[in-house]
file work-v9.txt (compact mmCIF, C-alpha atoms and all ligand atoms)
# COMPACT_ATOMS: atom_id res chain seq x y z
CA MET F 10 -10.33 -44.46 19.49
CA LEU F 11 -8.08 -44.68 16.49
CA TYR F 12 -9.91 -42.03 14.40
CA ASP F 13 -10.42 -39.49 17.14
CA SER F 14 -7.04 -37.98 16.41
CA PRO F 15 -5.96 -39.08 12.97
CA CYS F 16 -2.70 -37.97 11.50
CA PRO F 17 -1.84 -38.15 7.81
CA THR F 18 0.45 -41.16 8.31
CA THR F 19 -2.21 -43.25 10.06
CA VAL F 20 -4.89 -42.31 7.59
CA GLN F 21 -2.68 -42.91 4.59
CA ARG F 22 -1.54 -46.29 5.97
CA LEU F 23 -5.13 -47.49 6.48
CA HIS F 24 -6.18 -46.17 3.11
CA SER F 25 -3.32 -48.01 1.37
CA ALA F 26 -4.00 -51.27 3.25
CA LEU F 27 -7.67 -51.28 2.31
CA THR F 28 -6.96 -50.34 -1.28
CA ARG F 29 -4.43 -53.17 -1.47
CA GLU F 30 -6.94 -55.60 0.03
CA PHE F 31 -9.59 -54.49 -2.41
CA SER F 32 -7.32 -54.73 -5.44
CA ASN F 33 -6.23 -58.28 -4.40
CA CYS F 34 -9.82 -59.41 -4.34
CA PRO F 35 -10.96 -60.72 -7.74
CA SER F 36 -14.31 -59.07 -7.09
CA SER F 37 -12.72 -55.88 -8.41
CA SER F 38 -12.10 -57.56 -11.77
CA TRP F 39 -15.57 -59.01 -11.55
CA ALA F 40 -16.85 -55.50 -11.16
CA SER F 41 -14.91 -54.46 -14.23
CA GLY F 42 -16.65 -57.16 -16.23
CA THR F 43 -13.98 -59.88 -16.49
CA GLY F 44 -16.37 -62.35 -14.87
CA GLN F 45 -13.85 -63.90 -12.41
CA VAL F 46 -15.26 -65.39 -9.27
CA CYS F 47 -14.39 -64.11 -5.86
CA PRO F 48 -13.04 -67.09 -3.88
CA ARG F 49 -14.59 -65.74 -0.68
CA ALA F 50 -18.03 -65.69 -2.16
CA GLY F 51 -20.50 -68.48 -2.49
CA ASP F 52 -22.53 -69.23 -5.62
CA TRP F 53 -24.56 -66.59 -7.36
CA PRO F 54 -26.60 -64.58 -6.18
CA VAL F 55 -24.87 -64.76 -2.77
CA ARG F 56 -21.47 -64.28 -4.50
CA ASP F 57 -22.64 -61.13 -6.33
CA PHE F 58 -24.21 -59.72 -3.22
CA HIS F 59 -21.00 -60.32 -1.27
CA CYS F 60 -18.85 -58.56 -3.89
CA PHE F 61 -21.26 -55.64 -4.24
CA ALA F 62 -21.51 -55.13 -0.46
CA LEU F 63 -17.75 -55.33 -0.14
CA GLN F 64 -17.22 -52.64 -2.81
CA LEU F 65 -19.89 -50.45 -1.26
CA PHE F 66 -18.20 -50.75 2.10
CA PHE F 67 -14.79 -49.88 0.64
CA PHE F 68 -16.25 -46.91 -1.20
CA PHE F 69 -17.83 -45.33 1.90
CA PHE F 70 -14.88 -46.20 4.09
CA ASN F 71 -12.52 -44.47 1.65
CA CYS F 72 -14.79 -41.42 1.64
CA PHE F 73 -14.71 -41.35 5.43
CA LEU F 74 -10.91 -41.56 5.56
CA LEU F 75 -10.46 -38.82 2.98
CA HIS F 76 -12.84 -36.57 4.89
CA ARG F 77 -10.93 -37.10 8.14
CA HIS F 78 -7.66 -36.42 6.37
CA ARG F 79 -8.94 -33.09 4.96
CA CYS F 80 -10.23 -32.04 8.40
CA TYR F 81 -6.82 -32.76 9.88
CA GLN F 82 -5.07 -30.61 7.24
CA GLN F 83 -7.50 -27.71 7.73
CA ASN F 84 -6.96 -27.76 11.50
CA ARG F 85 -3.19 -27.67 11.02
CA LEU F 86 -3.50 -24.69 8.64
CA LYS F 87 -5.68 -22.76 11.10
CA SER F 88 -3.27 -23.44 13.91
CA HIS F 89 -0.32 -22.25 11.78
CA ARG F 90 -2.12 -18.96 10.89
CA HIS F 91 -2.90 -18.32 14.53
CA ASP F 92 0.75 -18.85 15.55
CA THR F 93 1.94 -16.49 12.80
CA GLU F 94 -0.40 -13.71 13.91
CA GLN F 95 0.59 -14.05 17.54
CA SER F 96 4.25 -13.80 16.65
CA THR F 97 3.74 -10.78 14.32
CA ASN F 98 1.78 -8.87 16.93
CA ALA F 99 4.31 -9.59 19.65
CA GLN F 100 7.18 -8.27 17.50
CA LEU F 101 5.19 -5.32 16.22
CA MET F 102 4.23 -3.91 19.53
CA ALA F 103 7.29 -4.84 21.55
CA GLY F 104 7.60 -2.07 24.07
CA GLY F 105 4.30 -0.52 22.98
CA SER F 106 0.61 -1.23 23.06
CA ARG F 107 -0.75 -4.60 22.19
CA ILE F 108 -2.81 -5.42 19.18
CA LYS F 109 -5.75 -7.73 19.65
CA PRO F 110 -5.17 -10.79 17.51
CA LYS F 111 -7.97 -11.33 15.02
CA MET F 112 -8.31 -13.84 12.24
CA ASN F 113 -8.31 -12.61 8.64
CA GLN F 114 -6.00 -9.73 9.41
CA THR F 115 -2.74 -10.94 7.95
CA ARG F 116 -3.68 -9.60 4.53
CA THR F 117 -6.70 -7.61 3.58
CA PRO F 118 -7.19 -7.37 -0.15
CA ALA F 119 -8.82 -4.09 -1.11
CA SER F 120 -11.91 -5.90 -2.32
CA GLN F 121 -12.59 -7.34 1.14
CA ALA F 122 -11.19 -4.54 3.26
CA THR F 123 -14.15 -3.89 5.49
CA THR F 124 -17.81 -4.03 6.09
CA GLU F 125 -20.05 -1.02 5.51
CA LYS F 126 -19.86 1.28 8.54
CA GLU F 127 -20.15 4.98 9.20
CA PRO F 128 -16.74 6.63 9.75
CA THR F 129 -16.04 7.44 13.38
CA ILE F 130 -12.62 9.16 13.25
CA ASN F 131 -12.24 12.66 11.80
CA LYS F 132 -9.27 12.39 9.48
CA ILE F 133 -6.79 14.59 7.70
CA ALA F 134 -5.68 13.34 4.28
CA LEU F 135 -2.56 14.64 2.51
CA GLU F 136 -2.44 13.10 -0.95
CA GLU F 137 -5.66 14.32 -2.50
CA HIS F 138 -5.38 15.61 -6.03
CA PHE F 139 -7.07 18.20 -8.16
CA SER F 140 -6.14 19.77 -11.46
CA ILE F 141 -6.60 23.04 -13.25
CA GLY F 142 -7.72 22.59 -16.86
CA GLU F 143 -4.29 23.49 -18.28
CA LEU F 144 -2.59 20.69 -16.32
CA LEU F 145 -5.05 17.86 -16.77
CA PRO F 146 -2.92 14.82 -17.63
CA THR F 147 -2.88 14.02 -21.34
CA SER F 148 -3.90 10.62 -22.64
CA ALA F 149 -0.24 10.00 -23.58
CA GLU F 150 0.85 10.70 -20.00
CA LEU F 151 -1.70 8.27 -18.60
CA GLU F 152 -1.45 5.84 -21.49
CA PHE F 153 -1.08 2.83 -19.17
CA PHE F 154 -4.39 3.57 -17.40
CA ASP F 155 -7.44 1.46 -18.16
CA PRO F 156 -9.46 3.87 -20.37
CA GLN F 157 -12.75 3.00 -18.68
CA LEU F 158 -11.33 3.69 -15.24
CA LEU F 159 -9.74 6.89 -16.46
CA GLY F 160 -13.11 8.01 -17.79
CA VAL F 161 -14.45 7.89 -14.22
CA ILE F 162 -11.42 9.56 -12.61
CA GLU F 163 -10.74 12.47 -14.95
CA PRO F 164 -13.97 14.43 -14.36
CA LEU F 165 -13.29 14.34 -10.61
CA LEU F 166 -9.92 16.13 -10.87
CA PRO F 167 -11.14 19.71 -11.47
CA GLU F 168 -14.15 19.31 -9.17
CA LEU F 169 -13.61 21.11 -5.86
CA ALA F 170 -17.12 21.37 -4.46
CA GLU F 171 -20.09 19.20 -3.49
CA GLN F 172 -19.02 15.90 -5.00
CA ARG F 173 -15.55 16.05 -3.45
CA LEU F 174 -16.94 17.08 -0.09
CA ALA F 175 -19.50 14.27 -0.20
CA ASN F 176 -16.76 11.76 -0.98
CA MET F 177 -14.63 13.14 1.86
CA ASP F 178 -17.60 12.74 4.20
CA LYS F 179 -18.00 9.10 3.21
CA ALA F 180 -14.39 8.46 4.29
CA GLY F 181 -14.65 10.60 7.43
CA ILE F 182 -12.11 13.12 6.09
CA GLU F 183 -12.42 16.44 7.83
CA ILE F 184 -9.53 18.15 6.02
CA ALA F 185 -8.05 17.33 2.61
CA VAL F 186 -4.68 18.81 1.72
CA LEU F 187 -5.03 19.31 -2.03
CA SER F 188 -2.29 19.19 -4.65
CA GLN F 189 -2.00 19.58 -8.40
CA THR F 190 -1.98 16.10 -9.93
CA ALA F 191 1.03 14.55 -11.73
CA PRO F 192 2.93 15.23 -13.86
CA GLY F 193 1.87 18.84 -13.39
CA ILE F 194 4.45 21.60 -13.55
CA GLN F 195 7.36 19.15 -13.68
CA ALA F 196 6.40 18.12 -17.24
CA ILE F 197 6.54 21.64 -18.70
CA ALA F 198 9.76 22.20 -20.65
CA ASP F 199 9.52 25.98 -20.95
CA SER F 200 10.54 27.67 -17.71
CA PRO F 201 8.57 30.97 -17.95
CA GLU F 202 5.48 28.98 -18.95
CA ALA F 203 6.03 26.64 -15.97
CA SER F 204 6.30 29.65 -13.64
CA ALA F 205 3.07 31.19 -14.94
CA ILE F 206 1.07 27.97 -14.79
CA ALA F 207 2.37 27.10 -11.31
CA ARG F 208 1.16 30.45 -10.07
CA GLN F 209 -2.18 29.92 -11.81
CA ALA F 210 -2.61 26.46 -10.22
CA ASN F 211 -1.74 27.81 -6.78
CA ASP F 212 -4.17 30.71 -7.11
CA ALA F 213 -6.94 28.34 -8.20
CA LEU F 214 -6.24 26.15 -5.21
CA HIS F 215 -6.26 29.14 -2.90
CA ALA F 216 -9.68 30.18 -4.27
CA ALA F 217 -11.02 26.68 -3.55
CA ILE F 218 -9.62 26.81 0.00
CA GLU F 219 -11.30 30.15 0.56
CA GLN F 220 -14.59 28.57 -0.45
CA GLN F 221 -14.10 25.72 2.04
CA PRO F 222 -11.69 27.02 4.70
CA ARG F 223 -12.60 24.30 7.19
CA ARG F 224 -12.23 21.42 4.72
CA PHE F 225 -9.38 22.23 2.33
CA ARG F 226 -5.69 23.06 2.67
CA GLY F 227 -3.03 23.21 -0.03
CA PHE F 228 0.42 22.08 -1.12
CA ALA F 229 2.09 24.45 -3.56
CA ALA F 230 3.01 23.47 -7.11
CA LEU F 231 6.57 24.58 -7.87
CA ASN F 232 8.33 25.52 -11.08
CA LEU F 233 11.69 23.96 -10.27
CA GLN F 234 12.89 24.70 -13.78
CA ASP F 235 13.75 28.07 -12.22
CA VAL F 236 14.66 27.49 -8.59
CA ASP F 237 14.70 31.16 -7.54
CA THR F 238 11.19 31.74 -8.88
CA ALA F 239 10.12 28.44 -7.28
CA CYS F 240 11.42 29.57 -3.87
CA ALA F 241 9.66 32.92 -4.20
CA GLU F 242 6.43 31.12 -5.14
CA LEU F 243 6.75 28.78 -2.18
CA LYS F 244 7.20 31.74 0.16
CA ARG F 245 4.15 33.45 -1.35
CA CYS F 246 2.04 30.30 -1.05
CA VAL F 247 2.95 29.67 2.59
CA SER F 248 3.11 33.23 3.90
CA GLU F 249 0.32 34.85 1.90
CA LEU F 250 -1.99 32.01 0.83
CA GLY F 251 -1.69 29.88 3.96
CA PHE F 252 -0.44 26.74 2.19
CA VAL F 253 1.08 24.02 4.39
CA GLY F 254 3.98 22.88 2.18
CA ALA F 255 4.82 21.90 -1.38
CA LEU F 256 4.26 18.85 -3.54
CA VAL F 257 6.65 17.93 -6.34
CA ASN F 258 5.78 15.28 -8.91
CA GLY F 259 9.08 13.40 -9.30
CA GLY F 260 12.02 14.70 -11.29
CA THR F 261 11.74 18.02 -13.11
CA GLN F 262 12.71 17.50 -16.73
CA GLY F 263 14.85 14.54 -15.66
CA GLU F 264 16.51 16.42 -12.79
CA TYR F 265 16.17 15.04 -9.26
CA LEU F 266 15.99 17.01 -6.04
CA ASP F 267 19.49 16.10 -4.88
CA ASN F 268 20.89 18.27 -7.68
CA PRO F 269 23.02 20.99 -6.00
CA ARG F 270 21.29 23.57 -8.23
CA LEU F 271 18.15 22.99 -6.17
CA ASP F 272 19.83 23.62 -2.84
CA PRO F 273 17.94 26.93 -2.29
CA LEU F 274 14.67 24.99 -2.30
CA TRP F 275 15.79 22.95 0.72
CA SER F 276 16.91 26.10 2.52
CA THR F 277 13.53 27.73 1.86
CA LEU F 278 11.65 24.67 3.11
CA GLU F 279 13.71 24.71 6.30
CA GLN F 280 13.26 28.43 6.74
CA LEU F 281 9.47 28.20 6.32
CA ASP F 282 9.38 24.98 8.36
CA VAL F 283 7.07 23.20 5.91
CA PRO F 284 7.39 19.70 4.43
CA LEU F 285 7.89 18.70 0.82
CA TYR F 286 5.64 15.91 -0.46
CA LEU F 287 7.64 13.86 -2.94
CA HIS F 288 5.01 12.38 -5.25
CA PRO F 289 5.66 10.16 -8.29
CA GLY F 290 5.95 11.91 -11.64
CA LEU F 291 6.76 10.60 -15.08
CA PRO F 292 10.25 9.05 -14.98
CA THR F 293 12.35 10.11 -17.95
CA ASN F 294 14.89 7.31 -17.69
CA GLN F 295 13.23 3.98 -17.22
CA PRO F 296 15.40 1.00 -16.28
CA ALA F 297 15.89 -1.52 -19.07
CA SER F 298 13.96 -4.06 -17.03
CA MET F 299 10.73 -2.03 -17.12
CA VAL F 300 7.83 -3.44 -19.13
CA LYS F 301 4.49 -1.82 -19.90
CA GLU F 302 2.63 -4.18 -17.60
CA LEU F 303 4.56 -2.86 -14.59
CA ASP F 304 4.87 0.78 -15.52
CA GLY F 305 2.95 3.63 -13.88
CA ALA F 306 1.28 3.20 -10.53
CA THR F 307 1.61 -0.60 -10.63
CA TRP F 308 5.36 -0.49 -9.93
CA GLY F 309 7.32 1.93 -12.14
CA TRP F 310 6.37 5.08 -10.25
CA SER F 311 7.13 3.57 -6.85
CA PHE F 312 10.51 2.36 -8.07
CA ASP F 313 11.41 5.82 -9.39
CA THR F 314 10.13 7.68 -6.31
CA ALA F 315 11.82 5.35 -3.83
CA THR F 316 15.06 5.78 -5.75
CA HIS F 317 14.55 9.54 -5.74
CA ALA F 318 14.11 9.51 -1.95
CA LEU F 319 17.22 7.37 -1.47
CA ARG F 320 19.23 9.73 -3.70
CA LEU F 321 18.36 12.56 -1.31
CA ILE F 322 19.69 10.49 1.58
CA VAL F 323 22.92 9.18 0.08
CA LYS F 324 23.81 12.46 -1.62
CA GLY F 325 23.76 14.19 1.76
CA VAL F 326 20.81 16.58 1.32
CA PHE F 327 19.84 16.08 4.97
CA GLU F 328 23.38 16.59 6.27
CA LYS F 329 23.19 20.04 4.76
CA HIS F 330 19.54 20.56 5.65
CA PRO F 331 18.91 18.57 8.84
CA ASN F 332 15.50 20.16 9.44
CA ALA F 333 14.11 19.42 5.99
CA LYS F 334 11.08 17.13 6.04
CA VAL F 335 9.95 14.91 3.18
CA ILE F 336 6.66 13.03 2.90
CA LEU F 337 6.42 9.92 0.75
CA GLY F 338 3.06 8.46 -0.28
CA HIS F 339 2.03 4.89 -1.04
CA MET F 340 3.18 3.56 2.33
CA GLY F 341 6.65 5.00 1.86
CA GLU F 342 7.03 3.60 -1.68
CA ASN F 343 8.01 0.23 -0.16
CA LEU F 344 11.02 1.63 1.73
CA PRO F 345 9.91 0.77 5.31
CA PHE F 346 10.20 -2.89 4.35
CA TYR F 347 13.72 -2.41 2.96
CA LEU F 348 15.59 -0.45 5.64
CA TRP F 349 17.69 -3.23 7.13
CA ARG F 350 19.07 -4.34 3.79
CA LEU F 351 19.61 -0.73 2.76
CA ASP F 352 21.95 -0.20 5.73
CA SER F 353 23.61 -3.55 5.34
CA ARG F 354 24.46 -3.15 1.66
CA TYR F 355 25.22 0.57 1.81
CA ALA F 356 27.95 -0.28 4.33
CA SER F 357 29.50 -2.58 1.76
CA THR F 358 29.57 -0.33 -1.31
CA ARG F 359 32.81 1.40 -2.25
CA TYR F 360 30.77 4.38 -3.49
CA ARG F 361 29.19 5.35 -0.20
CA ASN F 362 29.27 8.98 0.94
CA ASP F 363 29.85 9.89 4.54
CA ILE F 364 26.38 10.88 5.65
CA GLY F 365 27.22 10.78 9.35
CA THR F 366 24.85 7.93 10.07
CA THR F 367 23.05 5.08 8.36
CA PRO F 368 20.56 5.64 5.52
CA SER F 369 17.78 4.15 7.65
CA ALA F 370 18.50 6.63 10.47
CA VAL F 371 18.10 9.52 8.02
CA PHE F 372 14.90 7.97 6.70
CA ARG F 373 13.49 7.69 10.22
CA ARG F 374 14.58 11.24 11.08
CA ASN F 375 13.67 13.28 7.98
CA PHE F 376 10.85 11.33 6.34
CA PHE F 377 7.17 10.81 6.94
CA ILE F 378 5.00 8.46 4.92
CA THR F 379 1.32 8.31 4.06
CA THR F 380 -0.99 5.38 3.47
CA SER F 381 -2.22 6.74 0.12
CA GLY F 382 -3.29 4.02 -2.26
CA VAL F 383 -2.38 1.18 0.11
CA CYS F 384 -5.16 -0.41 2.16
CA ASP F 385 -3.17 -3.32 3.48
CA ASP F 386 -2.89 -4.29 7.15
CA ALA F 387 0.42 -6.07 6.65
CA ALA F 388 2.05 -3.04 4.98
CA LEU F 389 0.73 -0.74 7.71
CA GLN F 390 2.00 -3.03 10.48
CA CYS F 391 5.41 -3.27 8.83
CA SER F 392 5.58 0.54 8.55
CA ILE F 393 4.61 1.01 12.20
CA ALA F 394 7.26 -1.50 13.24
CA ALA F 395 9.89 0.15 11.02
CA LEU F 396 9.17 3.85 11.66
CA GLY F 397 6.73 4.18 14.54
CA PRO F 398 3.13 5.35 14.11
CA GLU F 399 4.18 8.97 14.61
CA ARG F 400 5.80 8.94 11.14
CA ILE F 401 2.72 7.68 9.29
CA MET F 402 -0.27 9.72 8.09
CA PHE F 403 -3.52 8.73 6.49
CA SER F 404 -4.21 9.64 2.84
CA THR F 405 -6.31 8.27 -0.01
CA ASP F 406 -4.86 9.41 -3.38
CA TYR F 407 -8.28 10.67 -4.47
CA PRO F 408 -9.59 10.50 -7.16
CA TYR F 409 -7.27 7.74 -8.39
CA GLU F 410 -8.13 5.42 -5.51
CA ASP F 411 -11.32 4.48 -3.69
CA ILE F 412 -11.63 7.15 -0.98
CA GLU F 413 -14.43 5.37 0.86
CA LEU F 414 -12.54 2.10 1.00
CA ALA F 415 -9.45 3.89 2.37
CA GLY F 416 -11.53 5.52 5.11
CA ARG F 417 -13.19 2.27 6.13
CA TRP F 418 -9.94 0.35 6.03
CA ILE F 419 -8.01 2.60 8.41
CA GLU F 420 -10.93 2.67 10.83
CA GLN F 421 -10.84 -1.11 11.10
CA ALA F 422 -7.08 -1.63 10.82
CA PRO F 423 -5.85 -3.92 13.63
CA ILE F 424 -3.61 -1.38 15.37
CA ASP F 425 -3.52 0.35 18.72
CA PRO F 426 -6.26 3.04 18.98
CA ILE F 427 -3.79 5.75 20.00
CA ALA F 428 -1.55 4.91 17.05
CA LYS F 429 -4.61 5.02 14.81
CA THR F 430 -5.60 8.51 15.92
CA MET F 431 -2.01 9.62 15.38
CA ILE F 432 -2.09 8.24 11.84
CA CYS F 433 -5.55 9.54 11.04
CA ARG F 434 -5.00 13.14 12.17
CA ASP F 435 -2.69 13.98 15.09
CA THR F 436 0.64 13.78 13.27
CA ALA F 437 -0.68 15.73 10.26
CA ARG F 438 -2.18 18.35 12.55
CA SER F 439 1.14 18.93 14.25
CA LEU F 440 3.39 18.61 11.16
CA LEU F 441 1.24 20.99 9.10
CA ARG F 442 0.42 23.19 12.10
CA LEU F 443 -3.30 22.94 11.52
CA GLY F 444 -4.18 24.03 15.05
ZN ZN F 501 -1.15 10.56 -5.87
call {"tool": "encode", "arguments": {"input": "work-v9.txt", "output": "structure tokens"}}
result
Amino acid sequence: MLYDSPCPTTVQRLHSALTREFSNCPSSSWASGTGQVCPRAGDWPVRDFHCFALQLFFFFFNCFLLHRHRCYQQNRLKSHRHDTEQSTNAQLMAGGSRIKPKMNQTRTPASQATTEKEPTINKIALEEHFSIGELLPTSAELEFFDPQLLGVIEPLLPELAEQRLANMDKAGIEIAVLSQTAPGIQAIADSPEASAIARQANDALHAAIEQQPRRFRGFAALNLQDVDTACAELKRCVSELGFVGALVNGGTQGEYLDNPRLDPLWSTLEQLDVPLYLHPGLPTNQPASMVKELDGATWGWSFDTATHALRLIVKGVFEKHPNAKVILGHMGENLPFYLWRLDSRYASTRYRNDIGTTPSAVFRRNFFITTSGVCDDAALQCSIAALGPERIMFSTDYPYEDIELAGRWIEQAPIDPIAKTMICRDTARSLLRLG
């Protein structure tokens, strides 16, 4: 039958022919009140009945054709989505485990991430913030934040007891590695004051860990205004307090970590064999293109942190310190998506340094990333394809992000179960030597 398998051309042709036929018939002008007589009709009332029936027929027939045309378009769209998913999965897991194709997995907006379900995987999360009272972010520092949202978040920062543990439970987080929130020590101009407050923040964190030794671990806050004191504090935190690394909130007073002055920090990290979490801070030099709408966590912080990470690579920090390990949050601050172009264009710049290999090779060798603040299947799949699941770790960015949503999302992410366990806990356990 003609309409069993309509295509747009057939449907449109029929629709046009019938419309033409209808517009040629004077009954249409009769219907509009001009009073002309349809030559195919007899005398009234037979003539009126004929014109009315003809219009009714055309009306329903047009409805039918439009319906068939819409069905055809929807089927084509479904078929296209299916093909895209098949091709993505095949590329993603080439040489590895297969992902079961499922509909609705190409993009999962946070609002629809998952259904309600009890967590089933015990997780370790690495970007979980707290704050001592002295370092609570000021309203000027978080000026871009929606004030209502900030009102909910701020009271959660100093809280290191029941409420935090209950929220961790909801996400299935067994261990949270806690860190002083941004901008933290990096925003303090006075060096002795920065040293004293860093020590105070680390002692407070240590006290919280002692209260919950099975649930909390810590990253040290460092006063990089004075690198020797910072190195001594890092050694104290790791050797005496049992911390598992350090977290630095962006540049320190406008100075980035590739500055040769900070070389002893990299040596100390290598010597202690602990990673440095490079978290966004408050950029001091914004690009001229930045606008308020994009500043902060929306885009500005990622831009600054990704640039910071790339500075470490192209300035040769890892040639000097090949065993240094850096963790980037927010799904690698968009870098996993960019690696091919990074190599391609770095090879073409006259300003390139000899780093012994490509920038992407250094990124794959010396960097880990976390999923903090990104609950997106597509971004996760891209990162797995670019780096391998062994370089990705679960995190939530509590209390700035929805911890429960992050936990549910990773549980249902369409990835290989072994890769998922690696991301949720195994890599963190081995990198941080959590036993
Ligand atoms: Zn964070």
call {"tool": "closest_atom_pairs", "arguments": {"input": "work-v9.txt", "of": "chain F", "to": "ligand ZN 501 (chain F)", "cutoff": "8 Å", "atoms": "all atoms listed in the file", "output": "CSV"}}
result
residue,atom,partner,partner_atom,distance
F:Glu136,CA,F:ZN501,ZN,5.7
F:Glu137,CA,F:ZN501,ZN,6.8
F:His138,CA,F:ZN501,ZN,6.6
F:Thr190,CA,F:ZN501,ZN,6.9
F:Ala191,CA,F:ZN501,ZN,7.4
F:His288,CA,F:ZN501,ZN,6.5
F:Pro289,CA,F:ZN501,ZN,7.2
F:Gly338,CA,F:ZN501,ZN,7.3
F:Ser381,CA,F:ZN501,ZN,7.2
F:Gly382,CA,F:ZN501,ZN,7.8
F:Asp406,CA,F:ZN501,ZN,4.6
F:Tyr407,CA,F:ZN501,ZN,7.3
F:Tyr409,CA,F:ZN501,ZN,7.2
call {"tool": "residues_around", "arguments": {"input": "work-v9.txt", "residues": "Thr293 (chain F)", "least_positions_apart": "4", "cutoff": "12 Å", "atoms": "all atoms listed in the file", "output": "NGL selection string"}}
result
:F and (150 or 192 or 195-196 or 259-265 or 289 or 309-310 or 313)
call {"tool": "closest_residue", "arguments": {"input": "work-v9.txt", "among": "F:Phe252, F:Asp304, F:Ala388, F:Ala239", "to": "Ala203 (chain F)", "atoms": "only C-alpha atoms"}}
result
F:Ala239
call {"tool": "atom_distance", "arguments": {"input": "work-v9.txt", "atom1": "CA of Ala356 (chain F)", "atom2": "CA of His317 (chain F)"}}
result
19.4 Å
call {"tool": "atom_distance", "arguments": {"input": "work-v9.txt", "atom1": "CA of Asp411 (chain F)", "atom2": "CA of Thr129 (chain F)"}}
result
18.0 Å
call {"tool": "atom_distance", "arguments": {"input": "work-v9.txt", "atom1": "CA of Asn332 (chain F)", "atom2": "CA of Glu279 (chain F)"}}
result
5.8 Å
call {"tool": "closest_residue", "arguments": {"input": "work-v9.txt", "among": "F:Leu414, F:Ile218, F:Ala387, F:Leu319", "to": "Ser369 (chain F)", "atoms": "all atoms listed in the file"}}
result
F:Leu319
